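Q: Submitted below is the structure of interest, expressed as structure tokens.
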Amino acid sequence: MSGALAGRVYGIADAGVLGAEGVAPAAAAMAAAGIRTIQVRAKALPGDAFHRVLEACCRALEGSGVALWVDDRADLAALFPVAGLHLGQRDLPPAAARRVVGEGPAIGLSTHGDEQLEAASADPEVAVVAVGPIFATASKERPDPVIGLEGLARSRALTAKPLVAIGGIDDSNLAAVLAAGADAAAVLGALCHGDVAANSRRLVAAAGCASS
């Protein structure tokens, strides 16, 4: 697995659910529960507010050993000691993002369908491939078609790169997602709604059971 990914739960701390002030405390709670990869997502925040959120997260996670990722914003990822930048199909192309962030952060790319996945697998700038949605999700306004566990297993066969599954994953189905070939499972709703610390512990426990 890429050095920018750690553990089998890829936590997403989403400002849209948590509020800007809640992101850093939530990230700290995830880390305390054993989640080792955390992405900061803030689709609606302007750049100055997102900058403050990232700064707070870096302080909250200092010394934790967590791999911190930034969603979408190459410009902001370039300003902080983050492990990775996650891009969607409508964001900067990976090669362009690399010129912004430099050689440090890994780049992850979301894919939806075999053609996009194969392109990401062949792209030398893409270190981590995300695939989904595995199940129905409420975290996107216009979600792509669900691919299910069969689609995830097919995706696993199409790339040797670290594969992150995303979309509708919670502690009830995480083990099945990992068994279908995902190196890690990205979780947003099942982490950020309600008690983040308790949610994190349940997911880490489910991932541990899947690994045993």
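Please note that chains go A, B, ... in the order of the structure tokens, that every chain numbers its residues from 1, and that ligands are numbered from 1 in the order shown.
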Just list the residues in region 56-190 of chain A DSSP gives helix (DSSP H, G or I) on the backbone, as a PyMOL selection string.

A: chain A and resi 56-61+74-77+94-101+114-122+148-158+174-179+189-190

Q: I'd like the neighbourhood of Leu174 (chain A) as a PyMOL selection string, where a residue qualifies if any of its atoms comes within 7 Å (using only C-alpha atoms), though same-chain residues fewer than 4 positions away should be ignored.

A: chain A and resi 169-170+178+206-207

Q: Which of these, A:Val9, A:Ala20, A:Ala49, A:Ala77, has the shortest distance to Ala165 (chain A) once you count only C-alpha atoms?

A: A:Val9

Q: Could you name the residues that touch Pro143 (chain A) at 12 Å or less, counting only C-alpha atoms, but leaving out those on the same chain fewer than 4 positions away, as a ChimeraX atom specification?

A: /A:112,132-139,147,166-168

Q: Export, as a CSV table (one decimal), in the first residue's frame, the selected residues with C-alpha atoms.

A:
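Everything below was put into selection14.csv:
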chain,number,residue,atom,x,y,z
A,112,HIS,CA,-16.2,5.6,-12.0
A,132,GLY,CA,-17.3,3.8,-6.2
A,133,PRO,CA,-19.9,4.3,-5.2
A,134,ILE,CA,-19.9,0.8,-3.8
A,135,PHE,CA,-23.4,1.3,-2.2
A,136,ALA,CA,-25.9,4.2,-2.4
A,137,THR,CA,-24.6,7.4,-0.8
A,138,ALA,CA,-26.1,10.6,0.4
A,139,SER,CA,-22.8,12.5,0.5
A,147,ILE,CA,-21.1,-0.6,-8.7
A,166,ILE,CA,-16.0,4.7,-1.3
A,167,GLY,CA,-19.8,5.2,-1.1
A,168,GLY,CA,-22.3,4.1,1.5

Q: For each of A:Leu76, A:Thr159, A:Val204, A:Leu152, take the minimum atom-to-atom distance to Gly47 (chain A), counting only C-alpha atoms, then give the residue where this is smallest.

A: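 The closest residue to Gly47 (chain A) is A:Leu76.
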
Q: May I ask for the distance between CA of Gly148 (chain A) and CA of Ala29 (chain A), given in Å to one decimal place?

A: 29.6 Å

Q: Looking only at the backbone, which of the residues in region 16-208 of chain A does DSSP tag as strand (DSSP E), as a PyMOL selection string?

A: chain A and resi 37-41+67-71+84-87+106-111+128-131+163-166+184-187

Q: What is the distance between CA of Ala67 (chain A) and CA of Pro81 (chain A), in Å to one decimal?

A: 9.8 Å

Q: Find, counting only C-alpha atoms, the residue in A:Gly11, A:Gly22, A:Ala74, A:Lys161 that gets nearest to Val53 (chain A).

A: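 Looking only at the distances to Val53 (chain A), the closest residue turns out to be A:Gly22.
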
Q: Env of Ala60 (chain A): 8 Å cut, atoms = only C-alpha atoms, seq-sep filter 4 positions within chain, self excluded. Answer as a list in words.

A: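 Non-adjacent residues within range: Ala24, Pro25, Ala27, Ala28 and Ala56 of chain A.
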
Q: Put those residues in a file: N, CA, C and O atoms, as a compact mmCIF listing (two decimals), in the first residue's frame.

A:
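Result file selection.txt:
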# COMPACT_ATOMS: atom_id res chain seq x y z
N ALA A 24 -11.48 19.88 12.80
CA ALA A 24 -10.26 19.52 13.52
C ALA A 24 -10.54 18.65 14.75
O ALA A 24 -9.87 17.63 14.95
N PRO A 25 -11.54 18.99 15.59
CA PRO A 25 -11.85 18.10 16.70
C PRO A 25 -12.27 16.70 16.23
O PRO A 25 -11.92 15.69 16.87
N ALA A 27 -11.32 15.21 13.43
CA ALA A 27 -10.11 14.53 12.96
C ALA A 27 -9.30 14.01 14.13
O ALA A 27 -8.77 12.89 14.09
N ALA A 28 -9.21 14.79 15.20
CA ALA A 28 -8.49 14.34 16.39
C ALA A 28 -9.16 13.12 17.02
O ALA A 28 -8.49 12.18 17.47
N ALA A 56 -5.86 24.18 11.42
CA ALA A 56 -6.31 23.61 12.69
C ALA A 56 -6.13 22.10 12.72
O ALA A 56 -5.75 21.53 13.75

Q: Which one of A:Leu85, A:Ala15, A:Cys58, A:Leu149 sits closest to Ala175 (chain A) if you count only C-alpha atoms?

A: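 Of A:Leu85, A:Ala15, A:Cys58, A:Leu149, the one nearest Ala175 (chain A), counting only C-alpha atoms, is A:Leu149.
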
Q: For Glu115 (chain A), which of A:Val164, A:Leu158, A:Ala197, A:Ala95 is the closest residue, counting only C-alpha atoms?

A: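 Nearest to Glu115 (chain A): A:Leu158.
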
Q: For Ala120 (chain A), which residue out of A:Ile38, A:Leu68, A:Ala160, A:Asp144 is the nearest one, using only C-alpha atoms?

A: A:Ala160

Q: Write out as a VMD selection string each polymer residue whose atoms come within 12 Å of Arg73 (chain A), counting only C-alpha atoms; drop sequence neighbours fewer than 3 positions from it.

A: chain A and resid 39 to 48 50 to 51 54 69 to 70 76 to 80 82 84 to 88 90 to 94 97 to 98 100 to 101 107

Q: Keeping N, CA and C atoms, export the residues of the selection given above as a CSV table (one decimal), in the first residue's frame.

A:
chain,number,residue,atom,x,y,z
A,39,GLN,N,-8.9,12.4,5.5
A,39,GLN,CA,-9.0,13.4,4.4
A,39,GLN,C,-9.9,14.5,4.9
A,40,VAL,N,-9.5,15.7,4.7
A,40,VAL,CA,-10.3,16.9,5.0
A,40,VAL,C,-11.0,17.3,3.7
A,41,ARG,N,-12.4,17.4,3.8
A,41,ARG,CA,-13.2,17.7,2.7
A,41,ARG,C,-14.1,18.9,3.0
A,42,ALA,N,-14.1,19.9,2.2
A,42,ALA,CA,-14.8,21.1,2.4
A,42,ALA,C,-15.3,21.7,1.1
A,43,LYS,N,-16.3,21.1,0.5
A,43,LYS,CA,-16.7,21.5,-0.9
A,43,LYS,C,-17.2,22.9,-1.0
A,44,ALA,N,-17.8,23.4,0.1
A,44,ALA,CA,-18.5,24.7,0.0
A,44,ALA,C,-17.7,25.8,0.6
A,45,LEU,N,-16.6,25.5,1.3
A,45,LEU,CA,-15.8,26.6,2.0
A,45,LEU,C,-15.0,27.4,1.0
A,46,PRO,N,-14.9,28.7,1.1
A,46,PRO,CA,-14.0,29.5,0.4
A,46,PRO,C,-12.6,29.2,0.8
A,47,GLY,N,-11.6,29.6,0.0
A,47,GLY,CA,-10.2,29.3,0.2
A,47,GLY,C,-9.7,29.7,1.6
A,48,ASP,N,-10.1,30.9,2.1
A,48,ASP,CA,-9.5,31.4,3.4
A,48,ASP,C,-10.1,30.5,4.5
A,50,PHE,N,-11.1,27.3,4.3
A,50,PHE,CA,-10.5,26.0,4.1
A,50,PHE,C,-9.1,26.0,4.7
A,51,HIS,N,-8.4,27.1,4.4
A,51,HIS,CA,-7.0,27.3,4.9
A,51,HIS,C,-7.0,27.2,6.4
A,54,LEU,N,-7.6,23.6,7.6
A,54,LEU,CA,-6.4,22.7,7.4
A,54,LEU,C,-5.3,23.1,8.4
A,69,TRP,N,-4.9,13.9,4.3
A,69,TRP,CA,-5.1,14.2,2.9
A,69,TRP,C,-6.0,15.4,2.8
A,70,VAL,N,-5.9,16.1,1.6
A,70,VAL,CA,-6.8,17.3,1.3
A,70,VAL,C,-7.6,16.9,0.1
A,76,LEU,N,-4.1,24.5,-1.7
A,76,LEU,CA,-3.9,24.5,-0.3
A,76,LEU,C,-3.1,23.3,0.2
A,77,ALA,N,-3.1,22.2,-0.6
A,77,ALA,CA,-2.3,21.1,-0.2
A,77,ALA,C,-0.8,21.4,-0.3
A,78,ALA,N,-0.5,22.4,-1.2
A,78,ALA,CA,0.9,22.8,-1.4
A,78,ALA,C,1.4,23.6,-0.2
A,79,LEU,N,0.5,24.1,0.6
A,79,LEU,CA,0.9,25.0,1.7
A,79,LEU,C,1.1,24.2,3.1
A,80,PHE,N,0.8,23.0,3.1
A,80,PHE,CA,0.8,22.2,4.4
A,80,PHE,C,1.5,20.9,4.2
A,82,VAL,N,1.1,17.8,4.1
A,82,VAL,CA,0.1,16.7,4.0
A,82,VAL,C,0.6,15.5,3.3
A,84,GLY,N,-1.2,13.6,1.2
A,84,GLY,CA,-1.8,13.4,-0.1
A,84,GLY,C,-2.9,14.4,-0.5
A,85,LEU,N,-3.1,14.5,-1.8
A,85,LEU,CA,-4.2,15.3,-2.4
A,85,LEU,C,-5.1,14.4,-3.2
A,86,HIS,N,-6.4,14.5,-2.9
A,86,HIS,CA,-7.4,13.6,-3.6
A,86,HIS,C,-8.1,14.5,-4.6
A,87,LEU,N,-8.2,13.9,-5.8
A,87,LEU,CA,-8.8,14.6,-6.9
A,87,LEU,C,-10.0,13.9,-7.5
A,88,GLY,N,-11.0,14.6,-8.0
A,88,GLY,CA,-12.1,14.0,-8.7
A,88,GLY,C,-11.8,14.2,-10.2
A,90,ARG,N,-13.3,16.0,-12.3
A,90,ARG,CA,-13.5,17.3,-12.7
A,90,ARG,C,-12.5,18.3,-12.1
A,91,ASP,N,-11.6,17.8,-11.3
A,91,ASP,CA,-10.6,18.7,-10.7
A,91,ASP,C,-9.4,18.8,-11.7
A,92,LEU,N,-8.3,19.4,-11.2
A,92,LEU,CA,-7.1,19.5,-12.0
A,92,LEU,C,-6.7,18.1,-12.4
A,93,PRO,N,-6.2,17.9,-13.6
A,93,PRO,CA,-5.6,16.6,-14.0
A,93,PRO,C,-4.4,16.3,-13.1
A,94,PRO,N,-4.1,15.1,-12.8
A,94,PRO,CA,-3.0,14.7,-11.9
A,94,PRO,C,-1.7,15.4,-12.2
A,97,ALA,N,-1.8,19.0,-11.2
A,97,ALA,CA,-1.8,19.1,-9.7
A,97,ALA,C,-0.4,18.8,-9.2
A,98,ARG,N,0.4,17.9,-9.8
A,98,ARG,CA,1.7,17.7,-9.4
A,98,ARG,C,2.6,18.9,-9.5
A,100,VAL,N,1.7,21.8,-9.0
A,100,VAL,CA,1.3,22.7,-7.9
A,100,VAL,C,1.8,22.3,-6.6
A,101,VAL,N,1.7,21.0,-6.3
A,101,VAL,CA,2.0,20.5,-5.0
A,101,VAL,C,3.5,20.1,-4.8
A,107,ILE,N,-0.9,11.5,-4.8
A,107,ILE,CA,-2.1,12.0,-5.5
A,107,ILE,C,-3.1,10.8,-5.6

Q: Can you measure CA of Ala4 (chain A) to CA of Ala83 (chain A) for me? One decimal in Å is fine.

A: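 So the two atoms, CA of Ala4 (chain A) and CA of Ala83 (chain A), lie 5.3 Å apart.
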